[in-house]
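Below is one structure, written out as structure tokens; the observations come after it.
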Amino acid sequence: MSIAPRAWLVWSLAAVTVAVSTNNPVYRGLVALAALNVLLAWLPAGRRVRPLVLVLAVAAGLAALVNVLAGHTGADVFARLPADWPLVGGALTLESLAFGGAVGLGLLAALLAVAPLSLILEPHDVVDAMPAPLERTGIAVATSLNLVSGFGRTFTAVSDAQRMRGWRPRGLRSWNEVLVPVVLTAIEDSVLLAEAMEARGFGAGRRTSLADRTWSRLDVAVMGTALAAVALFVGLRLAGAEIDWYPYPTLYLPSINPALIVGCLGLALPGLAAPMRSR
Amino acid sequence: MRGLRLLPALAATAAVAAAVAALAALAPGSPLVPSCDAAGSHRAALVAQHGDGSVVTRCVAFDAASITGEALLDSSGVAWSGQTFGGFGIAVCALDAEPAHYSTCPGKESYWAVFVSRGGGAWQLANVGISSLTLADGDAEGLRYVPAAGLPAPPPTPARVCDSAGASAGASAGASAGASPRASGAAGSTAAATAGAGATPGGGGTAGATDSLALAASGATAAAPAEGAGAADASSRAGAASGSPGPTPGFDPGLVAAAVVGGGLAGLALLRLAAARRRVA
């Protein structure tokens, strides 16, 4: 039992769209829970979701903290910082905390929604899943992102090597001895990568595969429910329905449209359809 | 295999939740666009209280079934400027030359809090921007320049704002329909409705403002007595504190459906985590 890469791509884009199309924490929380279920259900053996969730939870917490410290608006003041402290000085309010929490939840939901593209799918699956006009763009973006981590690895290797030769950081100018080799190595790596991609036929046409994948009912259902969720959120917003939540100036419970709950439940379909792996 | 046996139960829970949600969607309270089939002359009041306590009031007549808070401000002739915040709508940044200049909106020290009074009732804080606020006949829009921190106190009661304007409401209908409301103060304004109170972003009047809205020559009153305003504040604050400013209190099927679905998804995630731990062990 598997889901086609293109269905995953549509599901991810739909979940991200829903997560960013509203700042209502209830909808965002449901999208995050749906994405977490999907990850847990389909994660290949040997890959772990816990580090990702921890990092995202810290990021979401920081987003909430920043909003509490920087936004001083709201009726329910729970603490005060000295007013002469730059930026953070002033009243700390429950409303800012709640809104910051909603912002953090949005971040969490959006990143969990795109996580299957890297944790469940292989990179070549993602490239194959993209529409033909975006294939080369996708490869370029994926390659660029790969170079970022490569740059970091090169920096660590070069600075370690220089330290073994007795180099120690002494002011900005001394970093030339690390940065110049790092830049040169990055350029060399880029040229090597370009030659390797050309040798493998990059730009000669669309990638082909030996086996043509046929669409299963699950693929169609995943895509259909994901697109329906997006249509619900976008349609109701265009119709003027209140799908956002602003807790200012006083805190209150967000209003919920039950139809949108159904939409969020549709996004959980890949997680609900997967069998429970007990061994 | 035990996990597999749990799946039908979870699927049944989800199905029940979906059914509850689908039924709840049919219940009253779902967002609806107000119908505009009723024609006639309606009135809505505007009460704006400055930081120094002075008060500006207007009575606006309109023919449509409802009017937005933005259109009411536009038609009132009181100079104002605002800024749009996504789905929140438009926040009032400056009104009637207060603040004279601003760099952030809403202001860090003080801001214009928006209230609404339905059918002559107590002021309720509006948790949406004035462009999202709809007012019907007999409603009132209130604004008060309040400190950023703390519960915003409401403006004075709108009870008599439209009483004195009744005779002149029809007479001036149409006279100000084409006016540019954010650019200048209206005739009759006694509270220094200065032109150009900050920038004027956004695009002016709505279709309703040009066709069906009419500015009533209101009994504008400035600098309301502090005692009277204080008495009104006290009663209104109690109303605002007791009533939730957002959705109507009581049974909310949407929240119940969200709780059921959220609980189901969280439970399923825990089951999967437990299964994964068993696999590792």
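Lettering and numbering for the structure tokens are positional, with chains as A, B, ... in the shown order, residues counted from 1 in each chain, and ligands counted from 1 in the shown order.
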>> Excluding Ala148 in chain B and its own-chain neighbours fewer than 5 positions away, which residues fall within 9 Å of it when counting only C-alpha atoms? Please give them as a list in words.
In response: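 Listed by chain and then number, they are His72, Thr73, Gly74, Ala75, Ala91 and Pro249 of chain A; Pro106, Gly107, Lys108, Glu109, Ser110 and Tyr111 of chain B.
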>> What are the residues of chain A lining chain B at 7 Å or less? Count only C-alpha atoms, and put the answer as an MDAnalysis selection string.
In response: chainID A and resid 30 33:34 37 40:41 72:77 91 241:242 244 246 248 252 255:259 261:262 275:279
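Going from CA of Ala71 in chain B to CA of Val116 in chain B covers 14.3 Å.
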>> Based on the backbone DSSP call, show me all residues of range 29-181 of chain A assigned helix (DSSP H, G or I), as a count of residues only.
In response: 110
>> Can you measure CA of Asp125 in chain A to CA of Gly29 in chain A for me? One decimal in Å is fine.
In response: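 One can read the CA of Asp125 in chain A to CA of Gly29 in chain A distance as 28.3 Å.
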>> Please determine, counting only C-alpha atoms, which residue among A:Val191, A:Ala19, A:Ile120, A:Leu172 has the shortest atom-to-atom distance to Arg47 in chain A.
In response: A:Ile120
>> Show me, as a list in words, the residues that have an atom within 10 Å of Leu65 in chain A when counting only C-alpha atoms, minus same-chain residues fewer than 2 positions from it.
In response: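 Returned residues: Ala59, Ala60, Gly61, Leu62, Ala63, Asn67, Val68, Leu69, Ala70, Gly71, Ser96, Leu97, Gly100, Gly101 and Gly104 of chain A.
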> Got a sec: who's within 12 Å of Ala140 in chain A, counting only C-alpha atoms, leaving out chain neighbours fewer than 5 positions off, as JSON, numbers by chain?
Replying inline: {"A": [127, 134, 135, 145, 146, 147, 190, 193, 194, 197, 202, 203]}
Please save C-alpha atoms of the selected residues as a short mmCIF file (atom, residue, chain, number, x, y, z; two decimals), in the first residue's frame.
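What follows is the written file part.cif:
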data_model
loop_
_atom_site.label_atom_id
_atom_site.label_comp_id
_atom_site.auth_asym_id
_atom_site.auth_seq_id
_atom_site.Cartn_x
_atom_site.Cartn_y
_atom_site.Cartn_z
CA VAL A 127 11.22 15.91 -8.87
CA LEU A 134 8.40 23.13 -13.04
CA GLU A 135 10.70 20.12 -13.26
CA LEU A 145 19.21 23.80 -0.95
CA ASN A 146 21.64 20.89 -1.06
CA LEU A 147 24.51 23.32 -1.58
CA SER A 190 29.32 23.36 -8.06
CA LEU A 193 27.85 18.85 -9.70
CA ALA A 194 27.03 20.55 -12.99
CA MET A 197 24.20 16.33 -13.85
CA PHE A 202 20.06 16.83 -17.25
CA GLY A 203 18.25 19.09 -19.69
#
> DSSP on the backbone: what in range 45-88 of chain B comes out strand (DSSP E), as a ChimeraX atom specification?
Replying inline: /B:45-49,55-62,66-68,80-85
Saved selection, atoms kept: C-alpha atoms, as a tab-separated table (two decimals), in the first residue's frame:
chain	number	residue	atom	x	y	z
B	45	ALA	CA	-25.08	56.32	15.18
B	46	LEU	CA	-21.41	57.08	15.46
B	47	VAL	CA	-19.86	58.03	18.79
B	48	ALA	CA	-16.15	58.80	18.93
B	49	GLN	CA	-14.43	59.84	22.12
B	55	VAL	CA	-16.87	63.43	22.05
B	56	VAL	CA	-17.95	63.55	18.41
B	57	THR	CA	-21.34	62.12	17.45
B	58	ARG	CA	-23.02	61.63	14.10
B	59	CYS	CA	-26.21	60.03	12.88
B	60	VAL	CA	-26.00	58.44	9.45
B	61	ALA	CA	-29.07	57.52	7.43
B	62	PHE	CA	-28.94	54.72	4.88
B	66	SER	CA	-27.09	47.16	6.70
B	67	ILE	CA	-24.00	49.26	6.48
B	68	THR	CA	-20.38	48.51	7.29
B	80	TRP	CA	-10.11	59.32	9.46
B	81	SER	CA	-7.45	57.02	8.13
B	82	GLY	CA	-6.95	53.32	8.54
B	83	GLN	CA	-4.88	50.34	7.65
B	84	THR	CA	-5.98	46.92	6.42
B	85	PHE	CA	-4.86	43.87	8.37
> Neighbours of Gly121 in chain B within 10 Å (only C-alpha atoms; same-chain residues fewer than 4 positions away dropped), as a list in words?
Replying inline: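 Selected residues are Val116, Ser117, Gly138, Asp139, Ala140, Thr157, Pro158, Ala159, Ser236 and Gly239 of chain B.
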Skipping near chain neighbours, those fewer than 3 positions away, what residues fall within 12 Å of Leu119 in chain A using only C-alpha atoms, listed as a PDB file with C-alpha atoms, in the first residue's frame?
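The result, stored in result_13.pdb:
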ATOM      1  CA  TRP A   8       1.754  13.510  -1.778  1.00  0.00           C
ATOM      2  CA  LEU A  36       1.633  14.458  12.387  1.00  0.00           C
ATOM      3  CA  VAL A  38       0.368  11.194   8.289  1.00  0.00           C
ATOM      4  CA  LEU A  39       4.062  11.337   9.170  1.00  0.00           C
ATOM      5  CA  LEU A  40       3.742   8.696  11.877  1.00  0.00           C
ATOM      6  CA  ALA A  41       1.738   6.419   9.608  1.00  0.00           C
ATOM      7  CA  TRP A  42       3.975   6.582   6.547  1.00  0.00           C
ATOM      8  CA  LEU A  43       7.456   7.226   7.927  1.00  0.00           C
ATOM      9  CA  PRO A  44       9.910   4.718   6.411  1.00  0.00           C
ATOM     10  CA  ALA A  45      11.853   2.500   8.780  1.00  0.00           C
ATOM     11  CA  GLY A  46      15.019   4.117  10.075  1.00  0.00           C
ATOM     12  CA  ARG A  47      13.698   7.684   9.918  1.00  0.00           C
ATOM     13  CA  ARG A  48      12.548   9.507  13.011  1.00  0.00           C
ATOM     14  CA  VAL A  49      10.003  12.263  13.379  1.00  0.00           C
ATOM     15  CA  ARG A  50      10.832  13.201  16.970  1.00  0.00           C
ATOM     16  CA  PRO A  51      13.809  15.516  16.247  1.00  0.00           C
ATOM     17  CA  LEU A  52      11.738  17.394  13.674  1.00  0.00           C
ATOM     18  CA  LEU A 111       6.334  22.766   8.262  1.00  0.00           C
ATOM     19  CA  LEU A 112       4.772  19.468   9.303  1.00  0.00           C
ATOM     20  CA  ALA A 113       2.722  19.628   6.116  1.00  0.00           C
ATOM     21  CA  VAL A 114       5.813  19.798   3.887  1.00  0.00           C
ATOM     22  CA  ALA A 115       7.801  17.305   5.962  1.00  0.00           C
ATOM     23  CA  PRO A 116       6.487  14.242   4.016  1.00  0.00           C
ATOM     24  CA  GLU A 122      12.892  10.260  -2.062  1.00  0.00           C
ATOM     25  CA  PRO A 123      14.276  13.392  -3.786  1.00  0.00           C
ATOM     26  CA  ASP A 125      10.169  11.161  -6.405  1.00  0.00           C
ATOM     27  CA  VAL A 126       9.634  14.837  -5.597  1.00  0.00           C
TER      28      VAL A 126
END
